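Chemist: To start, I am sharing the structure in question, which I have written as structure tokens.
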Protein chains: 2
Amino acid sequence: MHVTIVHVWVKPDRIQDFIEATQLNHEGSLGEPGNRRFDVLQDANDPAKFVLYEAFEDEEDAAGHKLTEHYKLWRDTVAEMMAKPREGVPHRALYPSN
Amino acid sequence: MHVTIVHVWVKPDRIQDFIEATQLNHEGSLGEPGNRRFDVLQDANDPAKFVLYEAFEDEEDAAGHKLTEHYKLWRDTVAEMMAKPREGVPHRALYPSN
């Protein structure tokens, strides 16, 4: 399983707009080939800090996410909501091992 | 769903020992009340950097994790393997919403 942890910093006055746009990306992503998880998290101590936890069977499926229409719509919609650039950190899942 | 993202920095010569100890913690944690995920990740660009992605139904179940025997065994076993103190960041999952 390949996991990208994406750190997102949102402008404080756009938090609700970001959540609504990201719900659509979450729902679309669950239907992608090889998707295992697409969790949308809000930092318990900083409501403007979010994490997208994107898990796919393999790197190819993870790369495919960025070719989808729901991803491109999300990317373009949230662009003006970012307080600073996102940071995506790729990981290899050791467990679960399948 | 309550998610703790735990950042772990391991001494380079203890990476395999850490992975073995953490497999046991992963397996034990999946059987805990309210556990939803317990993913063990290795940074794709830094093999000594790990993430534990610990998701439970609620905060009470998350707190219960630290009372288990497998957690205490893991904590004591890996103590000498740490390159620096772990950092756990609590999150509220927005999606999935159940």
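Numbering starts fresh at 1 for the residues of each chain in the structure tokens, the chains themselves are lettered A, B, ... in the order given, and ligands are numbered from 1 as they appear.
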Give me, as an NGL selection string, all polymer residues having an atom no more than 8 Å from Leu94 in chain A, counting only C-alpha atoms and skipping those fewer than 2 positions away in the same chain.
Modeler: (:A and (1 or 92 or 96-97)) or (:B and (39-42))
Chemist: Residues of chain A no more than 10 Å from chain B, counting only C-alpha atoms: send them over as number ranges by chain.
Modeler: A: 1-5, 19, 22-23, 26-27, 37-47, 49-53, 89-97
Chemist: Using only C-alpha atoms, determine which residues lie at most 10 Å from Thr77 in chain A, disregarding the query and same-chain residues fewer than 4 positions distant; provide the list as a ChimeraX atom specification.
Modeler: /A:17-18,21-22,71-73,81
Chemist: Output the selection as a compact mmCIF listing (two decimals), in the first residue's frame - C-alpha atoms for each residue.
Modeler:
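The resulting result19.txt:
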# COMPACT_ATOMS: atom_id res chain seq x y z
CA ASP A 17 -15.35 26.36 1.80
CA PHE A 18 -12.34 24.04 1.90
CA ALA A 21 -14.77 21.19 -1.73
CA THR A 22 -12.79 18.41 -0.11
CA TYR A 71 -9.04 15.84 -8.33
CA LYS A 72 -8.59 18.56 -10.97
CA LEU A 73 -11.82 20.28 -9.88
CA MET A 81 -8.00 28.96 -0.25
Chemist: Would you pick out the contacts of Val10 in chain A at 6 Å or less, using only C-alpha atoms, so that residues sharing its chain but fewer than 4 positions from it are not included, and give the list as a compact mmCIF listing (two decimals) with N, CA and C atoms, in the first residue's frame?
Modeler:
# COMPACT_ATOMS: atom_id res chain seq x y z
N ALA A 48 -7.36 25.36 11.03
CA ALA A 48 -6.98 25.74 9.66
C ALA A 48 -5.95 24.79 9.07
N MET A 81 -7.73 29.12 -1.69
CA MET A 81 -8.00 28.96 -0.25
C MET A 81 -6.74 28.63 0.55
N MET A 82 -5.64 28.36 -0.15
CA MET A 82 -4.42 27.92 0.52
C MET A 82 -3.72 29.09 1.22
N ALA A 83 -3.31 28.87 2.48
CA ALA A 83 -2.51 29.88 3.19
C ALA A 83 -1.05 29.78 2.78
Chemist: Considering only helix (DSSP H, G or I) as DSSP defines it on the backbone, what residues of chain A qualify? List them as a ChimeraX atom specification.
Modeler: /A:12-29,59-65,69-81
Chemist: Using the selection just defined, write its residues with N, CA and C atoms as a CSV table (one decimal), in the first residue's frame.
Modeler:
chain,number,residue,atom,x,y,z
A,12,PRO,N,-7.8,31.1,7.2
A,12,PRO,CA,-8.8,30.9,8.3
A,12,PRO,C,-10.3,31.2,7.9
A,13,ASP,N,-10.5,32.2,7.0
A,13,ASP,CA,-11.8,32.5,6.6
A,13,ASP,C,-12.4,31.7,5.4
A,14,ARG,N,-11.6,30.7,5.0
A,14,ARG,CA,-12.0,29.8,4.0
A,14,ARG,C,-12.2,28.3,4.4
A,15,ILE,N,-12.1,28.1,5.7
A,15,ILE,CA,-12.2,26.7,6.3
A,15,ILE,C,-13.4,26.0,5.8
A,16,GLN,N,-14.6,26.6,5.9
A,16,GLN,CA,-15.8,25.9,5.6
A,16,GLN,C,-15.8,25.6,4.0
A,17,ASP,N,-15.4,26.6,3.3
A,17,ASP,CA,-15.3,26.4,1.8
A,17,ASP,C,-14.4,25.2,1.5
A,18,PHE,N,-13.3,25.1,2.1
A,18,PHE,CA,-12.3,24.0,1.9
A,18,PHE,C,-13.0,22.7,2.3
A,19,ILE,N,-13.6,22.6,3.4
A,19,ILE,CA,-14.2,21.4,3.8
A,19,ILE,C,-15.3,20.9,2.8
A,20,GLU,N,-16.1,21.8,2.3
A,20,GLU,CA,-17.1,21.4,1.3
A,20,GLU,C,-16.5,20.9,0.0
A,21,ALA,N,-15.4,21.6,-0.5
A,21,ALA,CA,-14.8,21.2,-1.7
A,21,ALA,C,-14.1,19.8,-1.5
A,22,THR,N,-13.6,19.6,-0.4
A,22,THR,CA,-12.8,18.4,-0.1
A,22,THR,C,-13.7,17.2,0.1
A,23,GLN,N,-14.9,17.4,0.6
A,23,GLN,CA,-15.9,16.3,0.7
A,23,GLN,C,-16.1,15.7,-0.7
A,24,LEU,N,-16.2,16.5,-1.7
A,24,LEU,CA,-16.5,16.0,-3.1
A,24,LEU,C,-15.3,15.2,-3.6
A,25,ASN,N,-14.0,15.7,-3.3
A,25,ASN,CA,-12.8,15.0,-3.6
A,25,ASN,C,-12.7,13.6,-2.9
A,26,HIS,N,-13.1,13.6,-1.6
A,26,HIS,CA,-13.1,12.4,-0.9
A,26,HIS,C,-14.1,11.4,-1.5
A,27,GLU,N,-15.3,11.8,-1.8
A,27,GLU,CA,-16.3,10.9,-2.4
A,27,GLU,C,-15.9,10.3,-3.7
A,28,GLY,N,-15.3,11.2,-4.6
A,28,GLY,CA,-14.8,10.7,-5.9
A,28,GLY,C,-13.7,9.8,-5.8
A,29,SER,N,-12.8,10.1,-4.8
A,29,SER,CA,-11.5,9.3,-4.7
A,29,SER,C,-11.8,7.9,-4.2
A,59,GLU,N,1.9,2.6,-6.3
A,59,GLU,CA,2.2,3.9,-6.8
A,59,GLU,C,1.5,4.3,-8.1
A,60,GLU,N,1.2,3.4,-8.9
A,60,GLU,CA,0.6,3.7,-10.2
A,60,GLU,C,-0.9,4.1,-9.9
A,61,ASP,N,-1.6,3.5,-9.0
A,61,ASP,CA,-2.9,3.9,-8.7
A,61,ASP,C,-2.9,5.3,-8.0
A,62,ALA,N,-1.8,5.5,-7.2
A,62,ALA,CA,-1.7,6.8,-6.5
A,62,ALA,C,-1.5,7.9,-7.5
A,63,ALA,N,-0.7,7.7,-8.5
A,63,ALA,CA,-0.5,8.6,-9.6
A,63,ALA,C,-1.7,8.9,-10.4
A,64,GLY,N,-2.5,7.9,-10.6
A,64,GLY,CA,-3.8,8.0,-11.3
A,64,GLY,C,-4.8,9.0,-10.7
A,65,HIS,N,-4.7,9.1,-9.4
A,65,HIS,CA,-5.6,10.1,-8.7
A,65,HIS,C,-5.5,11.5,-9.3
A,69,GLU,N,-11.0,13.8,-12.9
A,69,GLU,CA,-11.8,15.0,-12.9
A,69,GLU,C,-12.0,15.6,-11.5
A,70,HIS,N,-12.4,14.7,-10.6
A,70,HIS,CA,-12.7,15.3,-9.2
A,70,HIS,C,-11.4,15.8,-8.6
A,71,TYR,N,-10.3,15.2,-8.9
A,71,TYR,CA,-9.0,15.8,-8.3
A,71,TYR,C,-8.8,17.2,-8.9
A,72,LYS,N,-8.9,17.3,-10.3
A,72,LYS,CA,-8.6,18.6,-11.0
A,72,LYS,C,-9.5,19.7,-10.5
A,73,LEU,N,-10.8,19.3,-10.4
A,73,LEU,CA,-11.8,20.3,-9.9
A,73,LEU,C,-11.4,20.8,-8.5
A,74,TRP,N,-11.1,19.8,-7.6
A,74,TRP,CA,-10.7,20.2,-6.2
A,74,TRP,C,-9.5,21.1,-6.3
A,75,ARG,N,-8.4,20.7,-7.0
A,75,ARG,CA,-7.2,21.5,-7.1
A,75,ARG,C,-7.5,22.9,-7.5
A,76,ASP,N,-8.3,23.1,-8.5
A,76,ASP,CA,-8.6,24.4,-9.0
A,76,ASP,C,-9.5,25.2,-8.0
A,77,THR,N,-10.4,24.5,-7.4
A,77,THR,CA,-11.3,25.2,-6.5
A,77,THR,C,-10.6,25.7,-5.2
A,78,VAL,N,-9.7,24.8,-4.7
A,78,VAL,CA,-9.1,25.2,-3.4
A,78,VAL,C,-7.9,26.1,-3.6
A,79,ALA,N,-7.4,26.3,-4.8
A,79,ALA,CA,-6.2,27.0,-5.0
A,79,ALA,C,-6.1,28.4,-4.3
A,80,GLU,N,-7.2,29.1,-4.3
A,80,GLU,CA,-7.2,30.4,-3.7
A,80,GLU,C,-7.5,30.3,-2.2
A,81,MET,N,-7.7,29.1,-1.7
A,81,MET,CA,-8.0,29.0,-0.3
A,81,MET,C,-6.7,28.6,0.6
Chemist: To one decimal in Å, tell me the separation between CA of Asn35 in chain A and CA of Glu54 in chain A.
Modeler: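 Distance between the two atoms: 7.9 Å.
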Chemist: Rounded to one decimal in Å, what is the spacing between CA of Gly88 in chain A and CA of His7 in chain A?
Modeler: 6.3 Å
Chemist: Pick out each residue of chain A that DSSP on the backbone tags as strand (DSSP E or B); I need them as JSON, numbers by chain.
Modeler: {"A": [2, 3, 4, 5, 6, 7, 8, 9, 10, 35, 36, 37, 38, 39, 40, 41, 42, 43, 49, 50, 51, 52, 53, 54, 55, 56, 82, 83, 84, 85, 86, 87, 88, 89, 90, 91, 92, 93, 94, 95]}
Chemist: I'd like the interatomic distance between CA of Val8 in chain B and CA of Gly34 in chain A, to a tenth of an Å.
Modeler: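 Rounded to one decimal, the two atoms are 27.2 Å apart.
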